[in-house]
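For reference, the structure discussed in these notes is given below.
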There are 2 protein chains.
Amino acid sequence: MLEQFKVQPEDEVRVTEENLRKTVEAVFSKMGLDDSDSALGADVLVKADMRGVDTHGVSNMLRSYVTGYGNGELNSHPNWTITRETPATANIDGDRGLGIIVTPKAMDIAIEKAKNVGMGVVTIHNSRHLGMASYHALKAVENDMIGMCMTSCPPGVLPTFGAEPVLGTNPIAIAAPADKEAPFVFDAAMSAVAGNKLGLARRNGTQLLAGWVADHDGSPIMEEVDPPTPGYEGSASSYLLPVGGTRELGSHKGYGMMCLVDILGGILTGGGYGMSPGRPNFGHYVAAYNIEAFMDTKEFKRTMDEWINMLNSSKPAPGHDRVMYPGQPEHEAVIERTEKGIPLHYEVIDWFKDICGELSIPFSLV
Amino acid sequence: MLEQFKVQPEDEVRVTEENLRKTVEAVFSKMGLDDSDSALGADVLVKADMRGVDTHGVSNMLRSYVTGYGNGELNSHPNWTITRETPATANIDGDRGLGIIVTPKAMDIAIEKAKNVGMGVVTIHNSRHLGMASYHALKAVENDMIGMCMTSCPPGVLPTFGAEPVLGTNPIAIAAPADKEAPFVFDAAMSAVAGNKLGLARRNGTQLLAGWVADHDGSPIMEEVDPPTPGYEGSASSYLLPVGGTRELGSHKGYGMMCLVDILGGILTGGGYGMSPGRPNFGHYVAAYNIEAFMDTKEFKRTMDEWINMLNSSKPAPGHDRVMYPGQPEHEAVIERTEKGIPLHYEVIDWFKDICGELSIPFSLV
């Protein structure tokens, strides 16, 4: 994570994984989820926090989930069903279930299909936010498979040359097992930054970097700028730019990848896309690749170690002390947070105090 | 294509698709390929030219293929074999066959598998350059399927924070059918620009844009710069940057996508990766999604039209007259080039004259 998006030590309280997990489980339980779904939801959120993916952890996501369950937008007991199925594929109607609950079950189906026929792809329509996409990809890794996850999100990002945010941030995650090294895990929005980085910047009082957002007319802002703030008339809109920022720097590639996700995670699920009217919020795509279907799994994992070492031992550019591989910073965050706890902004702690009071949950975070 | 990479009218000769196809077929035939493979190879190259993808068309690729067949690096009669297979997947040993010949056959297998079990993924190791990746993805579209193609290339691109080009440009292509509109076709290297843009810039005497290459130490060059030229000591190295250019602008996302391709198209094929020693040049990945396995195909194509119209009718940013979708510029190039012919640089025409003389092929391009 970029330095300016880290919670500053003076603003943070460290909580243990166990305490956070217990509290989040209790909140989900009060929302009406059964015990195993409450534990699953807590696992998805807390794993994001442990991996340092604060944008998709408890502090950024739980309150919107609580709002969704509260106003009936989210179904706490989704009766999800398979609408089409073949030996390698399935399409699921998520019955307005939160993606963090339904998607792991879709990935279980994909893994089973990959065991049987080499490959499994499962899409989900009529679902909602799925949390950290790599959570689902990592489920395949636990089964010695390669996992992939994409999600078609509500609009917020400009197409290249566009002035209307018609596409979502549409993240792609892929995870692959290594032998001795931590797994490869790539997980990123195809916008220049994840949408909730704007909120994080507001909360932390930091600026947005060049190439992240456009002005109100759609022109890319190519210098640091204050985040858009309700009631304050700044130059930055909340329109995100695709990865690359401008056409010259390659934004058409970010735009194309956003489209790819909108097709596979949106249109192909039958559940809407981009800014289609009345769309359910999110469509998902998960895939599991049975490595053994292509080559010897042991040999694959050994080669992954070799490949990781190639990257780690390659020469860094001036001003940098090492070259990392995707998944490595998150693996290091797990080690650090296991030892020192998860940093939560005091404002998040306050929210927990309030919501625990409201829901009659004993507050035991700190 | 960016304006400065177009062949300038004063330097170009327009040739018909038919003449170019005939001549390229004759060249492949002289390289020892049988008639159907010669026609296939010509189809892959000429379709790239027709679509305006000059970087992967006849002018940029054919001479290196001729060199490869000439020095024995390429096998003109590859006895390719399936090394592992399941109902949804296969892995192929390409027997040093050129990717433009072997990959279409792999895609045929993927399509057949998708017909049978919903989804087909075929990887290829021990192969060589596959031309325009979207050619292969588009084969699925002809079968009313979604197609994907990736290729793990020899090293040339820096990882984020790195000073050694340990990864390839690793393009990703995906194509999906629409109903009345031209198909969606995304096809892009995960480096900021395709590798042979450097050669094109040298040939056209134009500068490289900010964020495309690094200096010799690995620091991203964030201003326009002369392309690296043998014998001339400029600031630009030939080390390409990932899409995004710098970490702040999102180069870690381009880097992550390059890794994804290196894993699925390289490591998973068992045929090497990045800069692994002694690797064969290229590993490939193709996938076909049977739309009918997920939803009604007619409804999918109708929705694709709707989605395309959403993008096309969205408001453009200042300085731009419209918002296009991936595949639209290439579709328009086909219309223009069908009418006016394919523009070839006079230097390419000269090469054809020479090679036709050398191989005793009647020169009938113009």
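Simple scheme: letters A, B, ... for chains in structure tokens order, numbers from 1 for residues in each chain, numbers from 1 for ligands in the order shown.
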
Would you please give, as a tab-separated table (two decimals) with C-alpha atoms, in the first residue's frame, all residues of range 125-187 of chain B that DSSP assigns to strand (DSSP E or B) based on the backbone?
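Output below, filename states_7.tsv:
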chain	number	residue	atom	x	y	z
B	125	HIS	CA	4.69	-25.07	-24.79
B	126	ASN	CA	7.71	-25.30	-27.05
B	127	SER	CA	6.14	-22.95	-29.58
B	145	MET	CA	-18.29	-18.20	-28.17
B	146	ILE	CA	-16.10	-15.88	-26.12
B	147	GLY	CA	-12.42	-16.39	-26.89
B	148	MET	CA	-9.29	-15.55	-24.96
B	149	CYS	CA	-5.61	-15.78	-25.81
B	150	MET	CA	-2.44	-14.96	-23.87
B	151	THR	CA	1.20	-15.52	-24.62
B	152	SER	CA	4.23	-15.59	-22.36
B	157	VAL	CA	9.90	-5.49	-19.56
B	162	GLY	CA	13.10	-3.26	-11.09
B	167	LEU	CA	9.38	-10.51	-17.97
B	172	ILE	CA	-3.91	-10.60	-23.38
B	173	ALA	CA	-6.66	-10.81	-25.99
B	174	ILE	CA	-10.35	-11.40	-25.49
B	175	ALA	CA	-13.13	-11.31	-28.06
B	176	ALA	CA	-16.88	-11.57	-27.61
B	184	PHE	CA	-15.72	-6.65	-28.81
B	185	VAL	CA	-12.00	-7.30	-29.27
B	186	PHE	CA	-9.40	-6.32	-26.71
B	187	ASP	CA	-5.79	-7.15	-27.51

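Look at Thr89 in chain B: the protein and nucleic acid residues within 10 Å of it, using only C-alpha atoms and passing over chain neighbours fewer than 4 places away, are Ala88, Ala114, Val117, Gly118, Met119, Tyr289, Asn290, Ala293 and Phe294 of chain A; Arg84, Glu85, Ile109, Ala110, Lys113, Ala114, Met119, Gly120, Val121, Val122, Thr123 and Ala287 of chain B.
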
Next item on the list: Please run DSSP on the backbone and report, as an MDAnalysis selection string, all residues within range 157-266 of chain A that come out as helix (DSSP H, G or I).
Entry: chainID A and resid 197:204 251:266

Go ahead and dump the residues you just picked, C-alpha atoms, as a PDB file, in the first residue's frame.
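Below you can see again.pdb, which holds the result:
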ATOM      1  CA  LYS A 197      -9.258   5.043  -1.888  1.00  0.00           C
ATOM      2  CA  LEU A 198     -11.118   8.363  -2.288  1.00  0.00           C
ATOM      3  CA  GLY A 199     -12.807   7.855   1.078  1.00  0.00           C
ATOM      4  CA  LEU A 200      -9.535   6.754   2.653  1.00  0.00           C
ATOM      5  CA  ALA A 201      -7.811   9.899   1.327  1.00  0.00           C
ATOM      6  CA  ARG A 202     -10.557  12.073   2.805  1.00  0.00           C
ATOM      7  CA  ARG A 203     -10.302  10.301   6.153  1.00  0.00           C
ATOM      8  CA  ASN A 204      -6.493  10.515   6.239  1.00  0.00           C
ATOM      9  CA  SER A 251      -5.493   3.976 -20.160  1.00  0.00           C
ATOM     10  CA  HIS A 252      -7.068   2.121 -23.103  1.00  0.00           C
ATOM     11  CA  LYS A 253      -5.504  -1.024 -21.638  1.00  0.00           C
ATOM     12  CA  GLY A 254      -7.060  -0.427 -18.220  1.00  0.00           C
ATOM     13  CA  TYR A 255     -10.317   0.381 -20.006  1.00  0.00           C
ATOM     14  CA  GLY A 256     -10.133  -2.832 -22.044  1.00  0.00           C
ATOM     15  CA  MET A 257      -9.510  -4.937 -18.940  1.00  0.00           C
ATOM     16  CA  MET A 258     -12.495  -3.276 -17.223  1.00  0.00           C
ATOM     17  CA  CYS A 259     -14.571  -4.272 -20.255  1.00  0.00           C
ATOM     18  CA  LEU A 260     -13.282  -7.845 -20.082  1.00  0.00           C
ATOM     19  CA  VAL A 261     -14.484  -8.098 -16.475  1.00  0.00           C
ATOM     20  CA  ASP A 262     -17.814  -6.464 -17.331  1.00  0.00           C
ATOM     21  CA  ILE A 263     -18.389  -9.098 -20.025  1.00  0.00           C
ATOM     22  CA  LEU A 264     -17.309 -12.194 -18.061  1.00  0.00           C
ATOM     23  CA  GLY A 265     -18.602 -11.078 -14.650  1.00  0.00           C
ATOM     24  CA  GLY A 266     -21.559  -9.037 -15.862  1.00  0.00           C
TER      25      GLY A 266
END

Notebook entry, point to check: Any idea what the distance is between CA of Glu223 in chain B and CA of Ala188 in chain B?
Noted result: 22.2 Å

Next item on the list: Provide the CA of Asn71 in chain A to CA of Ile92 in chain A distance in Å, to one decimal place.
Entry: 23.8 Å

Item checked: Nearby residues (only C-alpha atoms) at most 12 Å from Phe161 in chain B, same-chain spacing under 5 positions excluded, as a PyMOL selection string -> (chain A and resi 311-312+314-325) or (chain B and resi 214+217-220+241-242+245-248+250-252+255)

Note to self: Excluding Val53 in chain A and its own-chain neighbours fewer than 3 positions away, which residues fall within 12 Å of it when counting only C-alpha atoms? Please give them as a ChimeraX atom specification.
What the structure shows: /A:1-2,5-7,44-50,56-61,131-135,186-188,194,196-197,327,329-334,337,342-343

Notebook entry, point to check: Ser76 in chain B: which residues within 9 Å, counting only C-alpha atoms, same-chain residues fewer than 2 positions away excluded, as a list in words?
Noted result: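 The contact residues come out as Phe28, Met31, Gly32, Leu33, Asp34, Tyr69, Gly72, Leu74, Pro78, Arg96, Gly97 and Leu98 of chain B.
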
Print the selection's residues with N, CA and C atoms to a file, as a PDB file, in the first residue's frame.
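Here's the written file again02.pdb:
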ATOM      1  N   PHE B  28       5.553 -18.374 -47.376  1.00  0.00           N
ATOM      2  CA  PHE B  28       5.455 -19.497 -46.424  1.00  0.00           C
ATOM      3  C   PHE B  28       5.667 -20.830 -47.140  1.00  0.00           C
ATOM      4  N   MET B  31       9.083 -21.586 -47.568  1.00  0.00           N
ATOM      5  CA  MET B  31       9.722 -21.939 -46.289  1.00  0.00           C
ATOM      6  C   MET B  31       9.488 -23.418 -45.953  1.00  0.00           C
ATOM      7  N   GLY B  32       8.702 -24.098 -46.791  1.00  0.00           N
ATOM      8  CA  GLY B  32       8.493 -25.531 -46.592  1.00  0.00           C
ATOM      9  C   GLY B  32       7.155 -25.885 -45.970  1.00  0.00           C
ATOM     10  N   LEU B  33       6.310 -24.905 -45.673  1.00  0.00           N
ATOM     11  CA  LEU B  33       5.009 -25.207 -45.085  1.00  0.00           C
ATOM     12  C   LEU B  33       4.093 -25.808 -46.145  1.00  0.00           C
ATOM     13  N   ASP B  34       3.205 -26.706 -45.731  1.00  0.00           N
ATOM     14  CA  ASP B  34       2.267 -27.252 -46.712  1.00  0.00           C
ATOM     15  C   ASP B  34       1.207 -26.199 -47.043  1.00  0.00           C
ATOM     16  N   TYR B  69      12.687 -19.689 -40.030  1.00  0.00           N
ATOM     17  CA  TYR B  69      12.614 -20.921 -40.834  1.00  0.00           C
ATOM     18  C   TYR B  69      13.960 -21.195 -41.496  1.00  0.00           C
ATOM     19  N   GLY B  72      16.551 -22.694 -39.018  1.00  0.00           N
ATOM     20  CA  GLY B  72      16.164 -23.926 -38.344  1.00  0.00           C
ATOM     21  C   GLY B  72      15.566 -23.731 -36.957  1.00  0.00           C
ATOM     22  N   LEU B  74      12.720 -22.375 -36.368  1.00  0.00           N
ATOM     23  CA  LEU B  74      11.311 -22.728 -36.542  1.00  0.00           C
ATOM     24  C   LEU B  74      11.192 -24.033 -37.330  1.00  0.00           C
ATOM     25  N   PRO B  78       5.783 -28.959 -37.836  1.00  0.00           N
ATOM     26  CA  PRO B  78       5.752 -29.385 -36.431  1.00  0.00           C
ATOM     27  C   PRO B  78       4.829 -30.586 -36.229  1.00  0.00           C
ATOM     28  N   ARG B  96       8.365 -26.809 -31.684  1.00  0.00           N
ATOM     29  CA  ARG B  96       9.020 -25.648 -32.324  1.00  0.00           C
ATOM     30  C   ARG B  96       8.241 -25.092 -33.513  1.00  0.00           C
ATOM     31  N   GLY B  97       6.940 -25.327 -33.527  1.00  0.00           N
ATOM     32  CA  GLY B  97       6.118 -24.751 -34.600  1.00  0.00           C
ATOM     33  C   GLY B  97       5.822 -23.293 -34.303  1.00  0.00           C
ATOM     34  N   LEU B  98       5.724 -22.499 -35.369  1.00  0.00           N
ATOM     35  CA  LEU B  98       5.383 -21.092 -35.201  1.00  0.00           C
ATOM     36  C   LEU B  98       3.981 -20.996 -34.583  1.00  0.00           C
TER      37      LEU B  98
END

Checklist line | Residue contacts of Asp305 in chain A (12 Å, only C-alpha atoms) excluding same-chain residues fewer than 3 positions away, as a PyMOL selection string | finding: (chain A and resi 176-184+298-302+308-313+325) or (chain B and resi 263+267)

Output C-alpha atoms for every residue in the selection just made, as a CSV table (one decimal), in the first residue's frame.
chain,number,residue,atom,x,y,z
A,176,ALA,CA,-1.2,-19.6,-7.7
A,177,PRO,CA,0.6,-21.8,-5.3
A,178,ALA,CA,4.3,-22.0,-4.8
A,179,ASP,CA,6.3,-24.6,-2.9
A,180,LYS,CA,8.4,-22.9,-0.2
A,181,GLU,CA,7.5,-19.3,-1.1
A,182,ALA,CA,4.2,-17.5,-0.2
A,183,PRO,CA,1.7,-17.9,-3.1
A,184,PHE,CA,1.5,-15.5,-6.0
A,298,LYS,CA,4.9,-30.5,-7.7
A,299,GLU,CA,7.0,-29.4,-10.7
A,300,PHE,CA,4.7,-26.4,-11.1
A,301,LYS,CA,5.1,-25.3,-7.5
A,302,ARG,CA,8.9,-25.8,-7.7
A,308,ILE,CA,9.6,-15.9,-7.6
A,309,ASN,CA,13.4,-16.0,-6.9
A,310,MET,CA,14.0,-14.6,-10.4
A,311,LEU,CA,11.9,-11.6,-9.5
A,312,ASN,CA,13.2,-11.2,-5.9
A,313,SER,CA,16.8,-11.4,-6.9
A,325,TYR,CA,6.2,-10.1,-6.5
B,263,ILE,CA,2.0,-18.1,-15.1
B,267,ILE,CA,4.8,-21.9,-16.1

Next item on the list: Using only C-alpha atoms, pick whichever of B:Val348, B:Ala90, B:Ala39, B:Ile101 has the shortest atom-to-atom distance to chain A.
Entry: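 Smallest distance to chain A is found for B:Ala90.
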
Notebook entry, point to check: Between A:Gly270, A:Lys105, A:Lys139, A:Ala236, which one has atoms that come closest to Glu292 in chain B, using only C-alpha atoms?
Noted result: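 Distance minimum relative to Glu292 in chain B lands on A:Gly270.
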
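Atom to atom, CA of Leu268 in chain A and CA of Asp37 in chain A stand 27.0 Å apart.
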
What lies within 8 Å of Leu240 in chain A using only C-alpha atoms, ignoring chain neighbours under 2 positions off, as a JSON list (two decimals) with N, CA and C atoms, in the first residue's frame?
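Ended up saving to selection.json:
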[["chain", "number", "residue", "atom", "x", "y", "z"],
["A", 156, "GLY", "N", -18.47, 3.87, -12.02],
["A", 156, "GLY", "CA", -17.69, 4.84, -11.27],
["A", 156, "GLY", "C", -16.43, 5.25, -12.01],
["A", 157, "VAL", "N", -16.16, 4.58, -13.14],
["A", 157, "VAL", "CA", -14.91, 4.80, -13.86],
["A", 157, "VAL", "C", -15.21, 5.27, -15.29],
["A", 158, "LEU", "N", -14.40, 6.22, -15.77],
["A", 158, "LEU", "CA", -14.55, 6.73, -17.14],
["A", 158, "LEU", "C", -13.91, 5.79, -18.14],
["A", 165, "PRO", "N", -19.00, 8.17, -16.11],
["A", 165, "PRO", "CA", -18.49, 6.94, -15.47],
["A", 165, "PRO", "C", -19.43, 5.77, -15.70],
["A", 191, "SER", "N", -9.41, 0.17, -12.48],
["A", 191, "SER", "CA", -9.26, 1.62, -12.40],
["A", 191, "SER", "C", -7.87, 1.90, -11.83],
["A", 192, "ALA", "N", -7.40, 3.15, -11.97],
["A", 192, "ALA", "CA", -6.07, 3.49, -11.46],
["A", 192, "ALA", "C", -5.97, 3.19, -9.96],
["A", 193, "VAL", "N", -7.06, 3.48, -9.22],
["A", 193, "VAL", "CA", -7.12, 3.10, -7.81],
["A", 193, "VAL", "C", -8.49, 2.53, -7.49],
["A", 195, "GLY", "N", -12.02, 2.25, -5.72],
["A", 195, "GLY", "CA", -12.96, 3.34, -5.45],
["A", 195, "GLY", "C", -12.87, 3.88, -4.04],
["A", 212, "TRP", "N", -5.27, 9.59, -11.26],
["A", 212, "TRP", "CA", -6.25, 8.77, -10.54],
["A", 212, "TRP", "C", -7.70, 9.16, -10.86],
["A", 213, "VAL", "N", -7.95, 10.47, -10.93],
["A", 213, "VAL", "CA", -9.33, 10.93, -11.20],
["A", 213, "VAL", "C", -9.32, 11.97, -12.31],
["A", 214, "ALA", "N", -10.52, 12.26, -12.82],
["A", 214, "ALA", "CA", -10.70, 13.30, -13.84],
["A", 214, "ALA", "C", -11.35, 14.51, -13.20],
["A", 238, "SER", "N", -15.36, 12.71, -8.67],
["A", 238, "SER", "CA", -15.13, 11.36, -8.14],
["A", 238, "SER", "C", -15.08, 10.35, -9.28],
["A", 242, "PRO", "N", -9.23, 4.83, -15.72],
["A", 242, "PRO", "CA", -8.70, 3.46, -15.84],
["A", 242, "PRO", "C", -7.20, 3.43, -15.53]]
